[in-house]
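Chemist: First the structure, then my questions, so here it is.
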Amino acid sequence: GSVATAPLEVLGRDVRVPLVTGGEVTYAALDYAASAPALQRVWDDVAAYAPYYGSVHRGAGYLSQLSTDLFEQSRATVADFLGCREGDQVVFTRSTTDSLNLLASVLPAGTQVFVFETEHHASLLPWRDARVTYLTAPRTPEQAVASLEAALAQRDPYGPALVCVTGASNVTGELWPVRELADAAHAHGARIVLDAAQLAPHHPVDIAELDVDWVAFSGHKLYAPFGSGVLAGRADWLQEAEPYLAGGGASRKVARRADGGVDVEWHSTAARHEAGSPNVIGVYSIASACRALTEAGFDSLVEREQGLVTRVRAGLAGVPQVRVLSLFGDDAPRVGVISFVVDGWNSSHFAAALSAEYGIGVRDGLFCAHPLVRTLLGSEPTEPGECGSPETEPGEKSLNAIRVSFGAGTPDEHVDRFLGAVT
Ligand code: PMP
């Protein structure tokens with residue numbers, strides 16, 4: 001079926017959901033930043049492969065060999081998609097969170113980590129066993145680069161260092177100056193990992209062009225919702241460290257020692273960090289999404305999405321009670337991820353009303369980026385459970401926000417319905 005399907009057609013366009021009024025309506029998925037709908041192509045590819053499913057790297061049978069080939073071909077597809085350099089490794093993980101935790105587990109002893117407090121928790125929190133410098137929220141991309149440079153200039157110049165930065169914010173959708181931050185990191189002998197969870201679904205990510213040392217992303221935000229992710233980049237730290245998980249597949253040779261212990265020789269390929277039977281469906285689906293995106297090219301996707309960004313922002317700007325959240329200002333380039341608050345409305349109730357009355361799926365809360373959202377709202381940390389915050393009075397500060405996000409396959413009607421509901 002693949003051949004007849006347009007590469008970026010998505011599933012779920014005809015799903016009917018009940019409304020509180022008793023009627024029903026087709027679901028408007030406007031929460032791509034949490035999980036994007038699957039591409040029809042991905043679904044077709046997975047369905048075509050399903051009967052031939054077999055264990056990867058663990059069987060002599062024909063289907064095992066076929067699955068192993070598909071698994072390793074998928075690695076090559078992802079390497080191509082990311083423009084990997086000679087010697088880079090592509091490690092398959094469960095998600096961006098998993099990828100960044102994996103990287104945190106292989107840091108050489110004494111590594112200093114530099115991270116902006118505005119990061120998603122997945123890129124903010126995994127480094128806590130290292131020496132971490134948290135950089136204050138910058139208000140322009142230039143400030144971000146200057147602040148990183150100033151922090152790196154203070155660092156112990158002989159030890160290893162790592163910068164972790166998100167390419168596109170999951171809260172504001174704003175693009176970060178990745179290449180400039182990479183140049184700053186390298187000028188000070190540090191390395192850099194790019195959290196591309198929100199960037200990869202909207203923009204080409206070229207590891208060599210951005211000159212980052214590693215890239216992490218998740219399949220389920222890249223139209224491949226089968227529980228897999230990627231950490232790609234430099235092999236050395238990955239090969240020198242203990243495996244992320246100990247177990248079968250990561251070990252090349254295991255032998256009992258005369259003294260009663262066990263000797264292990266670990267693989268020095270990506271397999272070192274992929275212990276256990278791999279998620280071949282997840283990996284195959286990521287590769288399928290990469291192929292579909294490559295075939296369609298990002299130009300039309302970006303052009304269409306930017307049109308929707310402009311419309312949504314213009315629509316929201318016309319509602320006096322709405323405030324759109326932004327770190328870098330109105331003119332900053334951004335992807336199709338927009339967060340806002342509505343004066344006099346509790347954001348959770350607002351989001352619930354969009355679902356119940358209009359069949360629109362958005363997200364409310366602090367979006368796993370608590371420090372950033374608090375900075376943007378000017379609010380203080382409150383008790384646990386703050387996402388279900390009390391009613392706000394007009395003029396009172398919101399404690400959480402509403403996020404609308406979209407991408408490939410978002411029809412005009414979903415955006416019209418959303419703007420109609422808000423305005
Ligand atoms: N980084 C960013 C910027 C994200 O938006 C997300 C998901 N919201 C993650 C990391 C974590 O991705 P996952 O939940 O797939 O591990």
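Each chain of the structure tokens is named A, B, ... in the order shown, its residues numbered from 1; ligands are numbered from 1 in display order.
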Give as number ranges by chain the residues surrounding ligand 1 up to a distance of 6 Å, considering only C-alpha atoms and all ligand atoms.
Modeler: A: 34, 95-97, 120, 122, 166, 169-170, 195, 197-198, 218
Chemist: Keeping only C-alpha atoms, take the residues you just selected and write them out as a CSV table (one decimal), in the first residue's frame.
Modeler:
```csv
chain,number,residue,atom,x,y,z
A,34,ALA,CA,3.4,15.2,23.1
A,95,SER,CA,13.1,7.5,23.7
A,96,THR,CA,14.8,10.9,24.0
A,97,THR,CA,14.7,10.5,27.8
A,120,HIS,CA,12.8,20.0,29.2
A,122,ALA,CA,14.6,15.0,30.0
A,166,THR,CA,17.2,21.6,23.1
A,169,SER,CA,11.4,24.3,22.8
A,170,ASN,CA,8.5,22.0,23.6
A,195,ASP,CA,17.9,17.3,22.2
A,197,ALA,CA,12.8,15.7,20.2
A,198,GLN,CA,10.9,18.7,19.0
A,218,SER,CA,12.0,10.0,19.9
```
Chemist: So that I can check the surroundings of A:Ala33, please list as a PDB file with C-alpha atoms, in the first residue's frame every protein, DNA and RNA residue that reaches within 12 Å of it, counting only C-alpha atoms and ignoring chain neighbours fewer than 2 positions away.
Modeler:
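Produced file around09.pdb, reproduced below:
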```pdb
ATOM      1  CA  ALA A  29      -5.218  16.256  17.153  1.00  0.00           C
ATOM      2  CA  LEU A  30      -3.398  19.432  18.152  1.00  0.00           C
ATOM      3  CA  ASP A  31      -0.934  17.838  20.539  1.00  0.00           C
ATOM      4  CA  SER A  35       3.009  12.443  20.472  1.00  0.00           C
ATOM      5  CA  ALA A  36       2.372  12.945  16.775  1.00  0.00           C
ATOM      6  CA  PRO A  37      -0.052  10.732  14.854  1.00  0.00           C
ATOM      7  CA  ALA A 168      13.242  23.577  19.526  1.00  0.00           C
ATOM      8  CA  SER A 169      11.388  24.252  22.769  1.00  0.00           C
ATOM      9  CA  ASN A 170       8.469  21.993  23.631  1.00  0.00           C
ATOM     10  CA  VAL A 171       6.842  24.996  25.346  1.00  0.00           C
ATOM     11  CA  THR A 172       7.399  28.009  23.083  1.00  0.00           C
ATOM     12  CA  GLY A 173       8.366  26.195  19.877  1.00  0.00           C
ATOM     13  CA  ALA A 196      16.100  17.140  18.898  1.00  0.00           C
ATOM     14  CA  ALA A 197      12.820  15.689  20.223  1.00  0.00           C
ATOM     15  CA  GLN A 198      10.885  18.738  18.974  1.00  0.00           C
ATOM     16  CA  LEU A 199      13.260  19.777  16.208  1.00  0.00           C
ATOM     17  CA  ALA A 200      13.537  16.575  14.172  1.00  0.00           C
ATOM     18  CA  PRO A 201       9.792  16.364  13.342  1.00  0.00           C
ATOM     19  CA  HIS A 202       9.833  19.900  11.909  1.00  0.00           C
ATOM     20  CA  SER A 218      12.019   9.997  19.925  1.00  0.00           C
ATOM     21  CA  GLY A 219      10.096   8.016  17.322  1.00  0.00           C
ATOM     22  CA  HIS A 220       6.663   8.878  18.699  1.00  0.00           C
ATOM     23  CA  LYS A 221       7.115  12.585  17.984  1.00  0.00           C
ATOM     24  CA  LEU A 222       8.492  11.776  14.523  1.00  0.00           C
ATOM     25  CA  TYR A 223       5.308  10.010  13.346  1.00  0.00           C
ATOM     26  CA  VAL A 335       8.078  25.407  15.004  1.00  0.00           C
ATOM     27  CA  GLY A 336       4.390  24.508  15.300  1.00  0.00           C
ATOM     28  CA  VAL A 337       4.305  24.522  19.096  1.00  0.00           C
ATOM     29  CA  ILE A 338       2.495  27.424  20.799  1.00  0.00           C
ATOM     30  CA  SER A 339       1.693  27.827  24.505  1.00  0.00           C
ATOM     31  CA  GLY A 361      -6.907  17.581  21.834  1.00  0.00           C
ATOM     32  CA  VAL A 362      -4.327  19.957  23.336  1.00  0.00           C
ATOM     33  CA  ARG A 363      -2.136  19.752  26.437  1.00  0.00           C
ATOM     34  CA  ASP A 364      -2.254  21.786  29.619  1.00  0.00           C
ATOM     35  CA  PHE A 367       4.994  20.505  30.018  1.00  0.00           C
ATOM     36  CA  CYS A 368       7.850  18.778  31.887  1.00  0.00           C
ATOM     37  CA  ARG A 403      -0.233  24.179  24.468  1.00  0.00           C
ATOM     38  CA  VAL A 404      -1.372  23.712  20.892  1.00  0.00           C
ATOM     39  CA  SER A 405       0.972  21.906  18.485  1.00  0.00           C
ATOM     40  CA  PHE A 406       0.745  20.532  14.971  1.00  0.00           C
ATOM     41  CA  GLY A 407       2.736  19.285  11.979  1.00  0.00           C
ATOM     42  CA  ALA A 408       2.464  16.980   8.977  1.00  0.00           C
TER      43      ALA A 408
END
```
Chemist: Mind the document's chain letters and residue numbers, and return as a ChimeraX atom specification the residues of stretch 142-368 of chain A that DSSP labels helix (DSSP H, G or I).
Modeler: /A:142-153,178-187,207-210,219-221,236-240,270-273,280-296,298-317,347-358
Chemist: Please run DSSP on the backbone and report, as an mmCIF file with N, CA and C atoms, in the first residue's frame, all residues within stretch 9-184 of chain A that come out as strand (DSSP E).
Modeler:
```
data_model
loop_
_atom_site.group_PDB
_atom_site.id
_atom_site.type_symbol
_atom_site.label_atom_id
_atom_site.label_comp_id
_atom_site.auth_asym_id
_atom_site.auth_seq_id
_atom_site.Cartn_x
_atom_site.Cartn_y
_atom_site.Cartn_z
ATOM 1 N N ARG A 16 -13.841 9.607 15.321
ATOM 2 C CA ARG A 16 -14.954 10.396 15.871
ATOM 3 C C ARG A 16 -14.883 10.353 17.388
ATOM 4 N N VAL A 17 -15.103 11.477 18.024
ATOM 5 C CA VAL A 17 -15.093 11.510 19.496
ATOM 6 C C VAL A 17 -16.378 12.168 19.998
ATOM 7 N N PRO A 18 -16.837 11.747 21.181
ATOM 8 C CA PRO A 18 -18.088 12.298 21.709
ATOM 9 C C PRO A 18 -17.889 13.712 22.253
ATOM 10 N N GLU A 24 -21.202 14.199 18.187
ATOM 11 C CA GLU A 24 -19.808 13.781 18.030
ATOM 12 C C GLU A 24 -19.182 14.518 16.868
ATOM 13 N N VAL A 25 -17.853 14.444 16.808
ATOM 14 C CA VAL A 25 -17.117 15.243 15.851
ATOM 15 C C VAL A 25 -15.811 14.513 15.543
ATOM 16 N N THR A 26 -15.182 14.833 14.407
ATOM 17 C CA THR A 26 -13.875 14.198 14.161
ATOM 18 C C THR A 26 -12.844 14.848 15.073
ATOM 19 N N ALA A 28 -9.696 16.530 16.536
ATOM 20 C CA ALA A 28 -8.670 17.457 16.049
ATOM 21 C C ALA A 28 -7.428 17.282 16.921
ATOM 22 N N ALA A 29 -6.448 16.542 16.395
ATOM 23 C CA ALA A 29 -5.218 16.256 17.153
ATOM 24 C C ALA A 29 -4.301 17.468 17.083
ATOM 25 N N GLN A 89 28.139 6.633 15.809
ATOM 26 C CA GLN A 89 27.315 5.458 16.088
ATOM 27 C C GLN A 89 25.861 5.868 16.256
ATOM 28 N N VAL A 90 24.972 4.994 15.826
ATOM 29 C CA VAL A 90 23.532 5.191 16.055
ATOM 30 C C VAL A 90 23.108 4.119 17.055
ATOM 31 N N VAL A 91 22.731 4.552 18.245
ATOM 32 C CA VAL A 91 22.277 3.603 19.260
ATOM 33 C C VAL A 91 20.760 3.709 19.349
ATOM 34 N N PHE A 92 20.079 2.579 19.304
ATOM 35 C CA PHE A 92 18.624 2.594 19.466
ATOM 36 C C PHE A 92 18.270 2.483 20.943
ATOM 37 N N THR A 93 17.346 3.360 21.345
ATOM 38 C CA THR A 93 16.932 3.448 22.741
ATOM 39 C C THR A 93 15.408 3.387 22.779
ATOM 40 N N GLN A 112 32.139 18.136 33.485
ATOM 41 C CA GLN A 112 31.285 19.256 33.889
ATOM 42 C C GLN A 112 30.189 19.391 32.834
ATOM 43 N N VAL A 113 28.974 19.554 33.293
ATOM 44 C CA VAL A 113 27.844 19.662 32.372
ATOM 45 C C VAL A 113 27.259 21.067 32.460
ATOM 46 N N PHE A 114 26.932 21.622 31.312
ATOM 47 C CA PHE A 114 26.330 22.964 31.245
ATOM 48 C C PHE A 114 24.976 22.845 30.583
ATOM 49 N N VAL A 115 23.960 23.340 31.280
ATOM 50 C CA VAL A 115 22.616 23.179 30.752
ATOM 51 C C VAL A 115 21.777 24.401 31.152
ATOM 52 N N PHE A 116 20.946 24.870 30.244
ATOM 53 C CA PHE A 116 20.067 25.998 30.573
ATOM 54 C C PHE A 116 18.920 25.510 31.449
ATOM 55 N N ARG A 131 29.046 17.248 37.640
ATOM 56 C CA ARG A 131 29.082 18.628 38.161
ATOM 57 C C ARG A 131 28.288 19.471 37.170
ATOM 58 N N VAL A 132 27.145 19.943 37.584
ATOM 59 C CA VAL A 132 26.264 20.632 36.643
ATOM 60 C C VAL A 132 26.231 22.127 36.912
ATOM 61 N N THR A 133 26.352 22.915 35.851
ATOM 62 C CA THR A 133 26.117 24.352 35.945
ATOM 63 C C THR A 133 24.802 24.646 35.232
ATOM 64 N N TYR A 134 23.857 25.197 35.987
ATOM 65 C CA TYR A 134 22.564 25.551 35.391
ATOM 66 C C TYR A 134 22.614 27.012 34.965
ATOM 67 N N LEU A 135 22.393 27.266 33.703
ATOM 68 C CA LEU A 135 22.457 28.637 33.180
ATOM 69 C C LEU A 135 21.065 29.261 33.209
ATOM 70 N N ALA A 161 33.961 18.219 29.320
ATOM 71 C CA ALA A 161 32.758 19.032 29.557
ATOM 72 C C ALA A 161 31.727 18.721 28.486
ATOM 73 N N LEU A 162 30.469 18.860 28.862
ATOM 74 C CA LEU A 162 29.364 18.597 27.944
ATOM 75 C C LEU A 162 28.308 19.686 28.093
ATOM 76 N N VAL A 163 27.821 20.167 26.953
ATOM 77 C CA VAL A 163 26.696 21.100 26.931
ATOM 78 C C VAL A 163 25.498 20.312 26.417
ATOM 79 N N CYS A 164 24.343 20.495 27.043
ATOM 80 C CA CYS A 164 23.128 19.848 26.533
ATOM 81 C C CYS A 164 22.131 20.936 26.191
ATOM 82 N N VAL A 165 21.619 20.919 24.980
ATOM 83 C CA VAL A 165 20.678 21.968 24.581
ATOM 84 C C VAL A 165 19.566 21.410 23.696
ATOM 85 N N THR A 166 18.399 21.988 23.848
ATOM 86 C CA THR A 166 17.237 21.596 23.056
ATOM 87 C C THR A 166 17.174 22.445 21.789
#
```
Chemist: If we count only C-alpha atoms and set the cut-off at 9 Å, which residues sit around stretch 269-273 of chain A, ignoring sequence neighbours fewer than 2 positions away in its own chain? Please answer as a compact mmCIF listing (two decimals) with C-alpha atoms, in the first residue's frame.
Modeler:
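Once everything was written out, this is around_31.txt:
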```
# COMPACT_ATOMS: atom_id res chain seq x y z
CA GLN A 89 27.31 5.46 16.09
CA VAL A 90 23.53 5.19 16.05
CA VAL A 91 22.28 3.60 19.26
CA PHE A 92 18.62 2.59 19.47
CA THR A 93 16.93 3.45 22.74
CA LEU A 102 22.32 6.75 28.39
CA ALA A 235 31.59 6.71 19.36
CA LEU A 238 30.09 5.40 24.21
CA GLN A 239 32.71 2.73 23.59
CA GLU A 242 30.42 0.52 30.86
CA PRO A 243 27.25 -0.54 29.04
CA TYR A 244 24.09 1.37 29.90
CA LEU A 245 22.33 -1.96 30.55
CA ALA A 246 24.21 -5.15 31.33
CA GLY A 249 23.54 -8.59 23.18
CA ALA A 250 25.91 -6.11 24.86
CA SER A 251 28.43 -8.79 25.79
CA ARG A 252 30.80 -10.35 23.26
CA TRP A 266 31.61 -5.93 25.94
CA HIS A 267 30.91 -5.05 22.33
CA ALA A 275 21.35 -5.13 25.82
```
Chemist: Identify which of the residues A:Val280, A:Ala317, A:Ala332, A:Ala153 lies closest to A:Ala185, counting only C-alpha atoms when measuring atom-to-atom distances.
Modeler: A:Ala153
Chemist: Distance table requested - stretch 243-358 of chain A against stretch 49-72 of chain A, cut-off 7 Å, only C-alpha atoms: one row per qualifying residue with the closest atom pair and its distance in Å to one decimal, ordered by chain and rising residue number, as a Markdown table.
Modeler:
```
| residue | atom | partner | partner_atom | distance |
| --- | --- | --- | --- | --- |
| A:Ser277 | CA | A:Val56 | CA | 6.8 |
| A:Pro278 | CA | A:Val56 | CA | 6.6 |
| A:Val280 | CA | A:Phe71 | CA | 6.0 |
| A:Val283 | CA | A:Phe71 | CA | 6.7 |
| A:Tyr284 | CA | A:Phe71 | CA | 6.4 |
```
Chemist: List the neighbours of A:Val10 out to 7 Å using only C-alpha atoms; skip same-chain residues closer than 5 positions along the sequence, and give me the result as a PyMOL selection string.
Modeler: chain A and resi 37-40+409
Chemist: Quick check, in Å to one decimal: how far apart do atom CA of A:Arg179 and atom CA of A:Pro204 lie?
Modeler: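 Rounded to one decimal, the two atoms are 13.5 Å apart.
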Chemist: Report, in Å to a single decimal, how far apart atom CA of A:Ala232 and atom CA of A:Asp213 are.
Modeler: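 Going from atom CA of A:Asp213 over to atom CA of A:Ala232, I get 8.4 Å.
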Chemist: For A:Ala216, which residue among A:Val373, A:Ala146, A:Val341, A:Leu82 is the nearest when counting only C-alpha atoms?
Modeler: A:Leu82
Chemist: When you look at A:Tyr27 with a cut-off of 12 Å (counting only C-alpha atoms), what residues show up, excluding the ones that are within fewer than 5 positions of it in the same chain? I need them as a PyMOL selection string.
Modeler: chain A and resi 11-19+37+354-362+410-411+413-415+417-418
Chemist: Let me see the file: selected residues, C-alpha atoms, as a JSON list (two decimals), in the first residue's frame.
Modeler:
```
[["chain", "number", "residue", "atom", "x", "y", "z"],
["A", 11, "LEU", "CA", -3.56, 8.11, 10.51],
["A", 12, "GLY", "CA", -6.51, 9.09, 12.65],
["A", 13, "ARG", "CA", -8.08, 11.74, 10.44],
["A", 14, "ASP", "CA", -11.51, 10.10, 10.66],
["A", 15, "VAL", "CA", -11.61, 9.31, 14.37],
["A", 16, "ARG", "CA", -14.95, 10.40, 15.87],
["A", 17, "VAL", "CA", -15.09, 11.51, 19.50],
["A", 18, "PRO", "CA", -18.09, 12.30, 21.71],
["A", 19, "LEU", "CA", -18.92, 15.86, 22.72],
["A", 37, "PRO", "CA", -0.05, 10.73, 14.85],
["A", 354, "LEU", "CA", -11.63, 22.38, 24.14],
["A", 355, "SER", "CA", -11.86, 18.59, 24.33],
["A", 356, "ALA", "CA", -15.40, 18.26, 25.67],
["A", 357, "GLU", "CA", -17.06, 20.97, 23.60],
["A", 358, "TYR", "CA", -15.02, 20.92, 20.38],
["A", 359, "GLY", "CA", -13.23, 17.55, 20.16],
["A", 360, "ILE", "CA", -9.87, 19.32, 20.18],
["A", 361, "GLY", "CA", -6.91, 17.58, 21.83],
["A", 362, "VAL", "CA", -4.33, 19.96, 23.34],
["A", 410, "THR", "CA", -2.76, 18.96, 10.19],
["A", 411, "PRO", "CA", -5.75, 20.14, 8.15],
["A", 413, "GLU", "CA", -10.10, 22.76, 9.66],
["A", 414, "HIS", "CA", -8.42, 21.75, 12.94],
["A", 415, "VAL", "CA", -6.78, 25.13, 13.24],
["A", 417, "ARG", "CA", -11.96, 24.97, 14.84],
["A", 418, "PHE", "CA", -9.38, 25.81, 17.50]]
```
Chemist: In Å to one decimal, how far is atom CA of A:Asp88 from atom CA of A:Gly233?
Modeler: 4.7 Å
